[in-house]
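Trainee: Handing you a structure now.
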Amino acid sequence: MAQIAVIGAGYVGLTTAACFSHLGHDVVCADIDEGRVAGLSKGEVPIVEAGLDALVKEGLEEGRLRFVLGAENAAADAEFAYLCVPTPQGEDGSADLSYIETAARQIGPVLPTEAVVVNKSTVPVGSTRAVERVLGRDDVVVVSNPEFLREGSAVHDFLNPDRIVIGSDDQSAAVRVAALYIGVTAPIIVTDPASAETIKYASNAFLASKISFVNAIAAVCEAVGADVKDVVLGMGYDKRIGHEFLRPGPGWGGSCFPKDSKALVHIADSAGYAFDLLAGVITVNEEQFHRVAAKVRTMAGGSLDGVRVAVWGLTFKARTDDTRDSPALRIVGLLAAEGADVRAYDPAVKGPIAGLEPAADPYSVCDGAEVLVVLTEWDEFRWLDFDKVAGLMAEPRVVDGRNLLDKPALERRGFSYVGIGR
Ligand SMILES: NC(=O)c1ccc[n+]([C@@H]2O[C@H](COP(=O)([O-])OP(=O)(O)OC[C@H]3O[C@@H](n4cnc5c(N)ncnc54)[C@H](O)[C@@H]3O)[C@@H](O)[C@H]2O)c1
């Protein structure tokens with residue numbers, strides 16, 4: 001079993017640390033956030049992620065998982081140091097590598113001889129080499145091992161991945177990294193570092209394209225009188241297409257797709273290729289936020305000025321508390337900019353966000369509302385008491401941005417219902 005340092009205790013770092021410790025390794029996980037480190041050391045997991053609490057508790061109790069402040073304090077005994085720090089969007093759309101560089105600078109002087117530094121953050125092509133330069137260590141190899149987990153099922157995805165990608169020109173380092181995944185059954189693909197880095201961006205860009213494609217098809221459905229639910233069902237049975245990611249909605253968002261798709265356009269551009277297809281995908285997504293806001297305006301009778309709007313869902317998708325680059329927040333912003341009085345509820349968002357104070361329950365936001373908008377696909381929204389909702393609202397009108405609710409059942413209760421692409 002190996003000694004692993006994980007730098008960054010966010011969605012990816014904490015999942016990586018907890019899962020590697022579950023697989024039997026000794027893991028020290030570092031963050032720069034003192035409160036986060038103190039809480040985690042007591043088993044308090046700061047994010048909503050199924051199964052993560054149990055694995056953190058298990059690791060702490062069995063002495064295979066520790067949390068420390070500062071990357072340098074995790075790396076001194078590490079055979080492997082996993083970089084799981086943010087790579088946010090820079091001003092020109094490129095990925096900002098400053099967190100990666102800082103972390104590499106911190107661990108460079110303390111890493112033991114022959115350690116392997118593993119980049120799990122999503123980084124542009126060439127970053128493996130950049131980290132090598134910052135580390136300034138001839139005896140330390142840098143390997144790319146991009147992460148494909150989905151928030152909401154991060155632990156499951158880490159332990160049951162579709163594939164493990166390892167990018168390295170050093171075969172023995174690649175084999176050592178592959179061996180860390182003992183107990184995980186998945187195809188392991190070993191490539192050069194540039195290909196591994198590209199696989200991650202290409203995968204996210206493809207998934208974003210699939211969603212934008214189906215949102216565009218939904219717009220066509222609305223124009224020609226087709227029902228997108230039936231259209232995607234018919235498409236999805238084609239094995240070359242598949243059912244996954246064929247759900248129209250309010251647009252894609254979250255901490256990865258927006259920044260990674262822009263970064264890939266930038267990477268391609270810098271390398272001399274104009275990635276117009278992906279630029280179009282991003283434009284379609286931007287339009288989708290406005291299309292949903294327009295549906296709410298139309299439902300309200302043509303103007304949102306002074307209109308009370310109830311919003312269900314603020315996270316970028318269900319089963320996570322992550323609101324980073326959430327389409328729901330973008331749409332709330334557009335509604336508010338047109339003068340709407342927005343009240344919102346989300347089962348996972350408790351504190352103030354984007355000028356909103358989320359309500360404690362889904363019903364109170366409907367009190368006096370003229371339109372209800374569903375923006376996150378939380379399953380529990382489907383099972384609420386819609387007679388009660390209708391009774392509370394000034395007008396029983398729903399814009400279902402996720403095609404989540406039962407349209408005929410709502411219409412039977414007197415609701416006006418508008419979904420996406422139907
Ligand atoms: N969130 C996802 O679903 C997901 C999936 C795959 C890949 N990724 C990629 O993984 C990377 C991390 O994403 P995330 O969502 O976990 O980010 P995050 O913001 O949730 O967590 C990053 C953590 O790193 C800490 N940190 C920053 N600098 C540090 C340093 N020098 N030393 C120690 N800790 C430091 C921060 O305090 C924070 O807690 C990004 O590149 C992202 O694109 C994310």
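Each chain of the structure tokens is named A, B, ... in the order shown, its residues numbered from 1; ligands are numbered from 1 in display order.
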Show me which residues line ligand 1, defined as having an atom within 6 Å of a ligand atom where only C-alpha atoms and all ligand atoms count, and present them as a short mmCIF file (atom, residue, chain, number, x, y, z; two decimals) with N, CA and C atoms, in the first residue's frame.

Mentor:
```
data_model
loop_
_atom_site.label_atom_id
_atom_site.label_comp_id
_atom_site.auth_asym_id
_atom_site.auth_seq_id
_atom_site.Cartn_x
_atom_site.Cartn_y
_atom_site.Cartn_z
N ILE A 7 -3.45 17.03 -2.58
CA ILE A 7 -3.39 18.48 -2.37
C ILE A 7 -4.70 19.09 -2.86
N GLY A 8 -5.49 19.61 -1.91
CA GLY A 8 -6.81 20.14 -2.23
C GLY A 8 -7.86 19.20 -1.67
N ALA A 9 -8.75 19.72 -0.81
CA ALA A 9 -9.80 18.89 -0.21
C ALA A 9 -11.17 19.35 -0.69
N GLY A 10 -11.28 19.58 -2.00
CA GLY A 10 -12.57 19.96 -2.58
C GLY A 10 -13.31 18.73 -3.09
N TYR A 11 -14.17 18.90 -4.07
CA TYR A 11 -14.98 17.79 -4.58
C TYR A 11 -14.08 16.66 -5.08
N VAL A 12 -13.05 17.01 -5.84
CA VAL A 12 -12.19 15.98 -6.40
C VAL A 12 -11.16 15.49 -5.37
N GLY A 13 -10.51 16.42 -4.67
CA GLY A 13 -9.46 16.04 -3.73
C GLY A 13 -10.00 15.21 -2.58
N ALA A 30 -4.30 17.66 2.10
CA ALA A 30 -4.02 19.04 2.53
C ALA A 30 -4.96 20.04 1.89
N ASP A 31 -5.27 21.08 2.65
CA ASP A 31 -6.00 22.21 2.06
C ASP A 31 -5.43 23.49 2.67
N ILE A 32 -5.79 24.63 2.06
CA ILE A 32 -5.32 25.91 2.59
C ILE A 32 -6.39 26.55 3.48
N ASP A 33 -7.57 25.90 3.51
CA ASP A 33 -8.68 26.44 4.29
C ASP A 33 -8.65 25.81 5.69
N GLY A 70 -1.88 23.07 4.52
CA GLY A 70 -0.69 23.37 3.73
C GLY A 70 -0.13 22.16 3.00
N ALA A 71 0.06 22.31 1.70
CA ALA A 71 0.52 21.19 0.85
C ALA A 71 1.87 20.64 1.32
N CYS A 84 -5.06 18.29 -6.77
CA CYS A 84 -6.51 18.36 -6.99
C CYS A 84 -6.99 19.78 -6.66
N VAL A 85 -6.25 20.76 -7.12
CA VAL A 85 -6.56 22.16 -6.81
C VAL A 85 -7.34 22.77 -7.98
N PRO A 86 -7.97 23.92 -7.77
CA PRO A 86 -8.80 24.49 -8.83
C PRO A 86 -7.98 24.93 -10.05
N THR A 87 -8.62 24.86 -11.21
CA THR A 87 -8.05 25.44 -12.44
C THR A 87 -9.14 26.31 -13.05
N TYR A 99 -3.04 28.06 -9.26
CA TYR A 99 -3.17 27.19 -8.08
C TYR A 99 -2.26 25.97 -8.22
N THR A 102 1.34 27.10 -7.65
CA THR A 102 1.60 27.35 -6.23
C THR A 102 1.78 26.03 -5.49
N ALA A 103 0.86 25.08 -5.75
CA ALA A 103 0.94 23.79 -5.05
C ALA A 103 2.25 23.08 -5.40
N SER A 121 -6.18 17.57 -11.41
CA SER A 121 -6.91 18.76 -11.85
C SER A 121 -7.00 18.73 -13.37
N THR A 122 -8.04 19.39 -13.89
CA THR A 122 -8.17 19.48 -15.35
C THR A 122 -7.26 20.60 -15.85
N GLU A 147 -9.52 13.29 -13.89
CA GLU A 147 -10.65 12.73 -13.14
C GLU A 147 -11.94 12.96 -13.93
N PHE A 148 -12.80 11.92 -13.95
CA PHE A 148 -14.05 12.01 -14.73
C PHE A 148 -15.28 11.91 -13.83
N LEU A 149 -15.09 11.99 -12.50
CA LEU A 149 -16.25 11.81 -11.62
C LEU A 149 -17.31 12.87 -11.86
N ARG A 150 -18.54 12.50 -11.54
CA ARG A 150 -19.65 13.46 -11.62
C ARG A 150 -20.02 13.87 -10.21
N GLU A 151 -20.20 15.14 -9.97
CA GLU A 151 -20.68 15.55 -8.65
C GLU A 151 -22.05 14.93 -8.44
N SER A 255 -19.14 23.47 -12.24
CA SER A 255 -17.77 23.97 -12.08
C SER A 255 -16.86 23.54 -13.23
N CYS A 256 -17.33 22.65 -14.12
CA CYS A 256 -16.42 22.12 -15.15
C CYS A 256 -16.77 22.51 -16.58
#
```

Trainee: Give me, as an mmCIF file with N, CA and C atoms, in the first residue's frame, all polymer residues having an atom no more than 8 Å from Leu55 of chain A, counting only C-alpha atoms and skipping those fewer than 6 positions away in the same chain.

Mentor:
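Okay, this is what ended up in selection.cif:
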```
data_model
loop_
_atom_site.group_PDB
_atom_site.id
_atom_site.type_symbol
_atom_site.label_atom_id
_atom_site.label_comp_id
_atom_site.auth_asym_id
_atom_site.auth_seq_id
_atom_site.Cartn_x
_atom_site.Cartn_y
_atom_site.Cartn_z
ATOM 1 N N ALA A 18 -10.484 10.168 0.220
ATOM 2 C CA ALA A 18 -11.320 9.197 0.947
ATOM 3 C C ALA A 18 -11.324 7.842 0.227
ATOM 4 N N CYS A 19 -11.381 7.866 -1.097
ATOM 5 C CA CYS A 19 -11.452 6.597 -1.841
ATOM 6 C C CYS A 19 -10.114 5.864 -1.817
ATOM 7 N N HIS A 22 -9.870 4.287 1.423
ATOM 8 C CA HIS A 22 -10.778 3.126 1.436
ATOM 9 C C HIS A 22 -10.131 1.924 0.728
#
```

Trainee: I'd like to know which of A:Gly24, A:Gly368, A:Gly93, A:Pro248 is closest to Ala216 of chain A, using only C-alpha atoms.

Mentor: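 Selected residue with least distance to Ala216 of chain A: A:Pro248.
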
Trainee: Can you list, as a list in words, every protein, DNA or RNA residue that comes within 8 Å of Leu278 of chain A when you count only C-alpha atoms, leaving out same-chain residues fewer than 3 positions away?

Mentor: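 Near neighbours after the sequence-gap exclusion: Ala205, Ser209, Ser261, Val265, Phe275, Val281 and Ile282 of chain A.
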
Trainee: Kindly export the residues of the current selection with N, CA, C and O atoms, as a compact mmCIF listing (two decimals), in the first residue's frame.

Mentor:
```txt
# COMPACT_ATOMS: atom_id res chain seq x y z
N ALA A 205 -16.17 18.42 -23.42
CA ALA A 205 -16.70 19.19 -24.55
C ALA A 205 -17.76 18.37 -25.30
O ALA A 205 -18.79 18.90 -25.73
N SER A 209 -21.62 19.31 -25.70
CA SER A 209 -22.19 19.39 -27.06
C SER A 209 -23.48 18.59 -27.16
O SER A 209 -24.44 19.00 -27.80
N SER A 261 -14.98 23.97 -21.56
CA SER A 261 -15.28 24.15 -22.99
C SER A 261 -14.61 25.42 -23.51
O SER A 261 -14.02 25.41 -24.60
N VAL A 265 -11.60 25.69 -26.48
CA VAL A 265 -11.63 26.62 -27.62
C VAL A 265 -10.33 27.41 -27.64
O VAL A 265 -9.70 27.58 -28.69
N PHE A 275 -11.93 26.27 -33.36
CA PHE A 275 -12.91 25.22 -32.99
C PHE A 275 -14.32 25.83 -33.02
O PHE A 275 -14.96 26.00 -31.98
N VAL A 281 -21.50 25.49 -29.69
CA VAL A 281 -22.11 24.77 -28.56
C VAL A 281 -22.26 25.73 -27.37
O VAL A 281 -23.29 25.75 -26.68
N ILE A 282 -21.22 26.53 -27.15
CA ILE A 282 -21.24 27.49 -26.03
C ILE A 282 -22.31 28.56 -26.29
O ILE A 282 -23.06 28.93 -25.37
```

Trainee: I need the residues of segment 211-356 of chain A that end up classed as helix (DSSP H, G or I) by DSSP on the backbone, written out as a PyMOL selection string.

Mentor: chain A and resi 211-224+228-236+257-270+276-299+327-337

Trainee: Can I get the residues of segment 283-348 of chain A within 7 Å of segment 391-410 of chain A, each with the closest pair of atoms and their distance in Å to one decimal, using only C-alpha atoms, sorted chain first then ascending number, as a Markdown table?

Mentor:
```
| residue | atom | partner | partner_atom | distance |
| --- | --- | --- | --- | --- |
| A:Val292 | CA | A:Gly401 | CA | 6.8 |
| A:Lys295 | CA | A:Val399 | CA | 6.9 |
| A:Val296 | CA | A:Val399 | CA | 6.3 |
```

Trainee: Return as a ChimeraX atom specification the full set of residues in segment 109-201 of chain A whose backbone-based DSSP assignment is strand (DSSP E or B).

Mentor: /A:116-119,141-144,164-167,188-191
